[in-house]
>>> print(open('final24.txt').read())   # compact mmCIF, C-alpha atoms and all ligand atoms
# COMPACT_ATOMS: atom_id res chain seq x y z
CA MET I 1 109.05 33.02 285.12
CA SER I 2 110.09 33.79 281.54
CA THR I 3 110.92 37.24 280.20
CA ALA I 4 110.69 38.67 276.71
CA GLY I 5 114.48 38.90 276.26
CA PRO I 6 116.17 39.78 272.97
CA LEU I 7 114.43 37.91 270.17
CA LEU I 8 116.27 36.35 267.28
CA PRO I 9 114.85 37.38 263.88
CA ASP I 10 113.38 33.92 263.24
CA ALA I 11 111.73 33.90 266.67
CA ALA I 12 110.24 37.38 266.28
CA ARG I 13 107.11 36.13 264.58
CA VAL I 14 105.50 32.72 264.96
CA HIS I 15 102.95 31.40 262.47
CA VAL I 16 100.48 28.74 263.63
CA ARG I 17 97.72 27.13 261.59
CA ALA I 18 94.65 25.49 263.19
CA PRO I 19 91.74 23.78 261.44
CA GLY I 20 87.98 24.21 261.50
CA LYS I 21 85.85 21.16 262.24
CA VAL I 22 82.65 19.40 261.42
CA ASN I 23 80.81 17.17 263.87
CA VAL I 24 79.94 14.06 261.87
CA PHE I 25 77.94 12.86 264.86
CA LEU I 26 76.60 14.94 267.75
CA GLU I 27 74.23 13.53 270.32
CA VAL I 28 73.16 16.03 272.97
CA GLY I 29 72.22 14.60 276.37
CA ARG I 30 71.07 16.10 279.64
CA VAL I 31 72.11 19.44 281.10
CA MET I 32 74.89 18.88 283.65
CA ASP I 33 75.46 20.75 286.91
CA ASP I 34 77.79 23.28 285.22
CA GLY I 35 75.02 24.26 282.77
CA TYR I 36 76.66 22.51 279.82
CA HIS I 37 75.00 19.62 277.98
CA GLU I 38 76.52 16.18 278.12
CA LEU I 39 77.66 15.26 274.61
CA ALA I 40 78.85 12.35 272.56
CA THR I 41 80.39 13.68 269.37
CA ALA I 42 82.74 12.64 266.58
CA PHE I 43 84.82 15.52 265.25
CA GLN I 44 86.65 15.70 261.97
CA ALA I 45 89.16 18.53 261.42
CA VAL I 46 88.83 19.98 257.90
CA SER I 47 91.05 21.99 255.57
CA LEU I 48 89.52 25.40 256.22
CA TYR I 49 92.12 27.05 258.42
CA GLU I 50 92.73 29.86 260.82
CA ASP I 51 96.26 31.29 260.46
CA VAL I 52 97.63 33.19 263.43
CA TRP I 53 100.89 35.19 263.47
CA ALA I 54 102.14 36.12 266.93
CA THR I 55 104.58 39.01 267.44
CA ALA I 56 106.07 40.03 270.81
CA SER I 57 104.53 43.18 272.24
CA ASP I 58 104.19 44.97 275.60
CA ASP I 59 100.43 44.53 275.64
CA PHE I 60 97.74 42.29 274.08
CA SER I 61 96.13 43.17 270.74
CA VAL I 62 94.57 41.43 267.76
CA SER I 63 93.82 42.19 264.11
CA VAL I 64 91.61 40.08 261.87
CA HIS I 65 91.24 39.71 258.10
CA GLY I 66 90.46 36.95 255.66
CA PRO I 67 88.34 35.52 252.87
CA VAL I 68 85.31 35.09 255.14
CA ASP I 69 83.22 37.94 256.57
CA THR I 70 85.13 39.04 259.70
CA SER I 71 82.87 41.93 260.74
CA GLY I 72 81.39 39.98 263.67
CA VAL I 73 84.75 39.24 265.31
CA PRO I 74 85.45 41.18 268.54
CA LEU I 75 88.84 42.93 268.62
CA ASP I 76 88.98 43.48 272.38
CA ASP I 77 89.46 41.17 275.35
CA ARG I 78 86.36 39.17 274.34
CA ASN I 79 88.37 37.78 271.41
CA LEU I 80 89.05 34.12 272.20
CA ALA I 81 92.63 34.27 270.87
CA VAL I 82 93.41 37.21 273.17
CA ARG I 83 91.80 35.35 276.07
CA ALA I 84 93.97 32.33 275.25
CA ALA I 85 97.16 34.45 275.20
CA ARG I 86 96.26 36.13 278.49
CA LEU I 87 95.46 32.77 280.08
CA LEU I 88 98.84 31.34 279.04
CA ALA I 89 100.68 34.45 280.28
CA GLY I 90 98.85 34.26 283.61
CA LYS I 91 99.54 30.55 283.96
CA THR I 92 103.28 30.86 283.22
CA GLY I 93 104.01 34.24 284.83
CA TYR I 94 105.06 35.72 281.48
CA GLU I 95 105.06 39.50 281.89
CA GLY I 96 105.02 40.72 278.28
CA GLY I 97 102.21 40.64 275.74
CA VAL I 98 101.60 39.70 272.13
CA HIS I 99 100.10 41.05 268.94
CA LEU I 100 98.03 38.39 267.19
CA GLU I 101 97.26 38.73 263.50
CA ILE I 102 94.50 36.36 262.44
CA ARG I 103 93.64 35.34 258.91
CA LYS I 104 90.23 33.68 259.12
CA GLY I 105 89.46 30.92 256.66
CA VAL I 106 86.72 29.36 258.81
CA PRO I 107 83.27 31.00 258.67
CA VAL I 108 82.54 33.27 261.66
CA ALA I 109 79.79 32.11 264.05
CA GLY I 110 79.11 29.28 261.63
CA GLY I 111 79.33 26.17 263.79
CA MET I 112 82.76 25.16 262.47
CA GLY I 113 84.82 26.11 265.50
CA GLY I 114 86.69 29.08 263.99
CA GLY I 115 86.95 30.94 267.31
CA SER I 116 88.10 27.73 269.00
CA ALA I 117 90.77 27.28 266.31
CA ASP I 118 91.97 30.86 266.97
CA ALA I 119 92.29 30.07 270.67
CA ALA I 120 94.17 26.82 270.02
CA ALA I 121 96.48 28.57 267.53
CA ALA I 122 97.12 31.44 269.97
CA LEU I 123 98.08 28.98 272.73
CA VAL I 124 100.57 27.16 270.49
CA ALA I 125 101.92 30.42 268.99
CA CYS I 126 102.47 32.17 272.33
CA ASP I 127 103.99 29.05 273.87
CA ALA I 128 106.57 29.05 271.04
CA LEU I 129 107.07 32.85 270.95
CA TRP I 130 107.50 33.18 274.72
CA ASP I 131 109.38 29.88 275.02
CA THR I 132 107.11 28.82 277.86
CA ARG I 133 107.40 25.12 276.88
CA LEU I 134 104.14 23.79 278.24
CA THR I 135 103.46 20.09 277.74
CA THR I 136 100.67 18.95 275.45
CA THR I 137 98.66 17.95 278.53
CA GLN I 138 99.08 21.42 280.06
CA LEU I 139 98.03 23.08 276.79
CA GLN I 140 94.99 20.78 276.58
CA GLY I 141 94.04 21.82 280.14
CA LEU I 142 94.17 25.52 279.23
CA ALA I 143 92.28 24.82 276.00
CA ALA I 144 89.40 23.17 277.87
CA ARG I 145 89.06 26.29 280.05
CA LEU I 146 88.63 28.45 276.94
CA GLY I 147 85.78 26.48 275.35
CA ALA I 148 84.40 23.01 274.76
CA ASP I 149 85.77 22.80 271.17
CA VAL I 150 89.24 24.25 271.82
CA PRO I 151 90.93 20.95 272.85
CA PHE I 152 89.86 19.40 269.54
CA ALA I 153 91.25 22.32 267.51
CA LEU I 154 94.56 21.70 269.29
CA GLN I 155 94.49 17.95 268.61
CA GLY I 156 92.91 17.82 265.13
CA GLY I 157 92.47 14.67 263.06
CA THR I 158 89.44 12.62 264.00
CA ALA I 159 88.32 12.24 267.61
CA VAL I 160 85.45 11.30 269.84
CA GLY I 161 84.47 13.94 272.39
CA THR I 162 82.48 13.25 275.56
CA GLY I 163 81.59 15.29 278.63
CA ARG I 164 81.19 18.85 277.36
CA GLY I 165 82.81 17.64 274.13
CA ASP I 166 86.25 18.42 275.52
CA GLU I 167 87.19 14.97 276.82
CA LEU I 168 88.85 13.55 273.72
CA SER I 169 89.86 10.14 272.60
CA PRO I 170 91.37 9.69 269.12
CA ALA I 171 89.29 7.77 266.57
CA LEU I 172 90.87 5.71 263.84
CA ALA I 173 90.24 7.13 260.39
CA ARG I 174 91.44 6.13 256.97
CA GLY I 175 91.47 7.99 253.68
CA ARG I 176 90.17 11.40 252.91
CA PHE I 177 86.61 12.69 253.08
CA GLU I 178 85.48 15.40 250.67
CA TRP I 179 83.15 18.16 251.90
CA VAL I 180 81.45 21.28 250.63
CA PHE I 181 80.59 23.92 253.23
CA VAL I 182 77.94 26.54 252.49
CA THR I 183 78.34 29.58 254.71
CA ASP I 184 75.70 32.03 255.77
CA ASP I 185 75.66 35.71 256.81
CA GLY I 186 73.21 35.30 259.68
CA GLY I 187 75.48 33.64 262.26
CA LEU I 188 73.75 31.67 265.03
CA SER I 189 74.83 31.96 268.65
CA THR I 190 75.79 28.58 270.13
CA PRO I 191 74.08 29.17 273.54
CA GLN I 192 70.91 30.24 271.69
CA VAL I 193 70.89 27.03 269.62
CA TYR I 194 71.33 24.84 272.72
CA ALA I 195 68.53 26.80 274.45
CA GLU I 196 66.27 26.26 271.43
CA LEU I 197 67.02 22.51 271.55
CA ASP I 198 65.98 22.45 275.24
CA ALA I 199 62.77 24.33 274.38
CA HIS I 200 62.10 22.03 271.42
CA ARG I 201 62.52 18.94 273.60
CA GLU I 202 60.29 20.46 276.26
CA ARG I 203 57.56 21.10 273.69
CA ALA I 204 57.89 17.61 272.20
CA GLN I 205 58.46 15.68 275.38
CA THR I 206 55.32 13.63 275.00
CA ASP I 207 56.45 12.51 271.53
CA ILE I 208 60.15 11.83 271.86
CA ALA I 209 62.35 10.01 274.29
CA PRO I 210 63.76 12.18 277.10
CA ALA I 211 67.39 13.28 276.72
CA ALA I 212 68.34 11.48 279.92
CA ARG I 213 70.28 8.51 278.57
CA GLN I 214 74.02 8.66 278.38
CA PRO I 215 74.89 9.90 274.88
CA VAL I 216 77.11 7.60 272.84
CA VAL I 217 78.64 7.80 269.36
CA ASP I 218 76.89 5.44 266.92
CA PRO I 219 79.25 2.51 266.10
CA ASP I 220 78.29 2.89 262.41
CA VAL I 221 79.97 6.31 262.39
CA LEU I 222 83.16 4.89 263.84
CA HIS I 223 83.12 2.01 261.34
CA ALA I 224 82.63 4.40 258.44
CA LEU I 225 85.52 6.62 259.62
CA ARG I 226 87.76 3.60 260.10
CA ALA I 227 86.89 2.24 256.67
CA GLY I 228 87.26 5.64 254.95
CA ASP I 229 83.80 5.00 253.51
CA PRO I 230 81.90 8.21 252.67
CA ILE I 231 78.71 6.36 251.64
CA ARG I 232 78.50 4.64 255.00
CA LEU I 233 79.38 7.85 256.84
CA ALA I 234 76.72 9.77 254.90
CA ALA I 235 74.11 7.24 256.04
CA SER I 236 75.04 7.70 259.69
CA LEU I 237 75.61 11.48 259.96
CA ARG I 238 73.64 12.90 262.89
CA ASN I 239 73.50 16.27 264.62
CA ASP I 240 70.98 16.82 267.43
CA LEU I 241 71.53 20.59 267.14
CA GLN I 242 70.23 20.54 263.56
CA VAL I 243 66.54 20.65 264.52
CA ALA I 244 67.19 23.63 266.79
CA ALA I 245 69.23 25.48 264.15
CA GLN I 246 66.43 24.79 261.64
CA ASN I 247 63.76 26.06 264.05
CA LEU I 248 65.71 29.33 264.26
CA ARG I 249 66.51 29.32 260.52
CA PRO I 250 63.81 27.36 258.64
CA ASP I 251 65.50 28.11 255.29
CA LEU I 252 68.30 25.68 256.21
CA VAL I 253 65.92 22.76 255.49
CA ALA I 254 65.66 23.71 251.81
CA ARG I 255 69.39 24.42 251.62
CA ILE I 256 70.25 20.90 252.71
CA GLU I 257 67.82 19.46 250.16
CA GLU I 258 69.37 21.67 247.48
CA GLY I 259 72.89 20.40 248.22
CA GLU I 260 71.71 16.80 248.15
CA ARG I 261 69.93 17.39 244.81
CA ALA I 262 73.19 18.87 243.50
CA GLY I 263 74.88 15.51 244.13
CA ALA I 264 76.03 15.42 247.76
CA LEU I 265 75.69 12.06 249.52
CA ALA I 266 74.15 13.87 252.51
CA GLY I 267 73.93 17.32 254.02
CA ILE I 268 73.93 18.29 257.68
CA VAL I 269 74.04 21.46 259.77
CA SER I 270 77.62 21.93 260.97
CA GLY I 271 77.76 22.11 264.79
CA SER I 272 75.32 24.81 265.93
CA GLY I 273 75.08 26.19 262.37
CA PRO I 274 74.16 28.00 260.23
CA THR I 275 76.94 26.63 258.01
CA THR I 276 75.74 23.53 256.19
CA ALA I 277 78.16 20.66 255.45
CA PHE I 278 77.76 18.38 252.43
CA LEU I 279 79.62 15.09 252.35
CA CYS I 280 80.51 14.04 248.80
CA ALA I 281 81.59 10.74 247.26
CA ASP I 282 84.85 12.14 245.85
CA ALA I 283 86.60 15.38 244.85
CA GLU I 284 84.84 15.47 241.48
CA ALA I 285 81.39 15.27 243.09
CA ALA I 286 82.43 17.96 245.58
CA LEU I 287 83.41 20.26 242.72
CA ASP I 288 79.97 19.74 241.11
CA VAL I 289 78.20 20.51 244.39
CA ARG I 290 80.30 23.61 245.04
CA VAL I 291 79.71 24.95 241.52
CA ALA I 292 75.95 24.26 241.73
CA MET I 293 75.60 25.91 245.14
CA SER I 294 77.68 28.92 244.04
CA ALA I 295 75.60 29.24 240.87
CA SER I 296 72.43 29.53 242.94
CA GLY I 297 73.92 32.41 244.91
CA HIS I 298 75.45 30.68 247.95
CA VAL I 299 78.98 31.09 249.25
CA ALA I 300 80.48 27.60 249.13
CA PHE I 301 83.93 26.22 249.97
CA SER I 302 85.43 22.79 249.27
CA ALA I 303 87.49 21.15 252.00
CA HIS I 304 88.71 17.72 253.00
CA GLY I 305 89.30 15.98 256.26
CA PRO I 306 90.83 14.81 258.47
CA VAL I 307 93.74 17.27 258.79
CA PRO I 308 96.17 17.92 261.69
CA GLY I 309 95.48 20.16 264.68
CA ALA I 310 97.17 23.47 265.60
CA ARG I 311 100.81 23.45 264.51
CA VAL I 312 103.70 25.83 264.00
CA MET I 313 104.29 26.51 260.30
CA PRO I 314 107.83 26.69 258.93
O1 LIG F 401 82.33 26.14 275.50
P1 LIG F 401 81.77 27.08 274.47
O2 LIG F 401 82.05 28.52 274.80
O3 LIG F 401 82.13 26.72 273.07
O4 LIG F 401 80.18 26.87 274.57
C1 LIG F 401 79.31 27.88 274.14
C2 LIG F 401 77.93 27.62 274.74
O5 LIG F 401 77.36 26.44 274.15
C3 LIG F 401 77.89 27.34 276.23
O6 LIG F 401 77.84 28.55 276.96
C4 LIG F 401 76.60 26.54 276.37
O7 LIG F 401 75.48 27.39 276.33
C5 LIG F 401 76.57 25.74 275.08
N1 LIG F 401 77.13 24.37 275.26
C6 LIG F 401 76.42 23.44 275.99
N2 LIG F 401 76.93 22.19 276.15
C7 LIG F 401 78.11 21.84 275.58
C8 LIG F 401 78.85 22.77 274.82
C9 LIG F 401 78.32 24.04 274.67
O8 LIG F 401 75.33 23.72 276.50
N3 LIG F 401 78.59 20.60 275.79
>>> encode(input="final24.txt", output="structure tokens")
Amino acid sequence: MSTAGPLLPDAARVHVRAPGKVNVFLEVGRVMDDGYHELATAFQAVSLYEDVWATASDDFSVSVHGPVDTSGVPLDDRNLAVRAARLLAGKTGYEGGVHLEIRKGVPVAGGMGGGSADAAAALVACDALWDTRLTTTQLQGLAARLGADVPFALQGGTAVGTGRGDELSPALARGRFEWVFVTDDGGLSTPQVYAELDAHRERAQTDIAPAARQPVVDPDVLHALRAGDPIRLAASLRNDLQVAAQNLRPDLVARIEEGERAGALAGIVSGSGPTTAFLCADAEAALDVRVAMSASGHVAFSAHGPVPGARVMP
């Protein structure tokens, strides 16, 4: 068991940064016994970040601010960062608490894994603050209990996810991919988007193949990542959740067309949406797309990937 103990000034506050993500490929398979869908996905961590500062405290609390709209973020025990801190304390027998200050740079409820990044950052921050010294494998185990995308936010870079999306294997990637993300006020709930995909497949089951086959990441995607080739990656982007997000938010269809007309190689719904992700040929093209989307009234951010996972900042 560890105790709070007297803290040195430089240990009194720990700053951890964790990235948002885009799924460059997401095939959704059958519903498994635990109610989750079997996935094959390729994640890329991108340079929109969650910053978390952890300060020792007797109890657990969280405050949230940032350049994105944070009004939808719960500030009680439903907050995923607080749940992560409590889980780590319970696991290690740590008897104190923590105050977590979160600066959100990833859109809320946008399909970019911002909540998962908070949870990954809170795990790493509390492990350092409390000196609980868990191994990477132990942290990954706790991360998987917090949500399907949390292990990836911990690991970062580029990875293939199977199972619920939380069984990771690193994917080779070269170079730097340039993205523009267009955010949206009307956040979509991830369970609702999966449920809409199930309903969509049910309605269309006479027309499309059943979702029974084992999902697998398209080799073209892996080749494109390995080659650092945005044109090839743009041609093989796929997200099975896109049709469901578009059924719930039909205006996303036109938004993707608009981004592509503005010069993106391809647009896709990010994760369960409603953020849309536009892959661009280079930084100059990304700037053009961001300016064009902003000029037509959207909130757009440029970012690149891959970037590292949750890490303590100096
Ligand atoms: O694990 P996480 O809390 O991120 O998942 C949110 C919801 O997304 C789940 O409750 C489930 O409805 C859906 N989901 C799923 N299959 C996955 C991942 C998520 O059905 N592989």
>>> closest_residue(input="final24.txt", among="I:Gln155, I:Ser294, I:Asn79, I:Thr55", to="Thr183 of chain I", atoms="only C-alpha atoms")
I:Ser294
>>> atom_distance(input="final24.txt", atom1="atom CA of Leu39 of chain I", atom2="atom CA of Pro215 of chain I")
6.0 Å
>>> atom_distance(input="final24.txt", atom1="atom CA of Asn239 of chain I", atom2="atom CA of Gly165 of chain I")
13.4 Å
>>> residues_near_point(input="final24.txt", point="(79.4, 23.2, 249.4)", cutoff="8 Å", atoms="all atoms listed in the file", output="list of chain:residue names")
I:Trp179, I:Val180, I:Phe181, I:Val182, I:Gly259, I:Thr276, I:Ala277, I:Phe278, I:Ala286, I:Val289, I:Arg290, I:Met293, I:Val299, I:Ala300, I:Phe301, I:Ser302
>>> atom_distance(input="final24.txt", atom1="atom CA of Gly271 of chain I", atom2="atom CA of Val150 of chain I")
13.6 Å
>>> residues_near_ligand(input="final24.txt", ligand="ligand LIG 401 (chain F)", cutoff="10 Å", atoms="only C-alpha atoms and all ligand atoms", output="NGL selection string")
:I and (27-32 or 34-41 or 80 or 111 or 113 or 115-116 or 144-150 or 161-166 or 189-195 or 197-198 or 272)
>>> closest_residue(input="final24.txt", among="I:Ala244, I:Ala117, I:Ala54, I:Ala295", to="Phe152 of chain I", atoms="all atoms listed in the file")
I:Ala117
>>> residues_around(input="final24.txt", residues="Pro170 of chain I", least_positions_apart="4", cutoff="12 Å", atoms="all atoms listed in the file", output="PyMOL selection string")
chain I and resi 41-45+151-152+155-162+166+222+225-226+306
>>> closest_residue(input="final24.txt", among="I:Pro219, I:Pro107, I:Pro74, I:Gly263", to="Ala283 of chain I", atoms="all atoms listed in the file")
I:Gly263
>>> closest_residue(input="final24.txt", among="I:Pro250, I:Leu237, I:Glu178, I:Val217", to="Asp282 of chain I", atoms="all atoms listed in the file")
I:Glu178
>>> axis_aligned_box(input="final24.txt", around="segment 112-127 of chain I", padding_each_side="3 Å", output="lines of an AutoDock Vina configuration file")
center_x = 93.4
center_y = 28.7
center_z = 268.2
size_x = 27.2
size_y = 13.0
size_z = 17.4
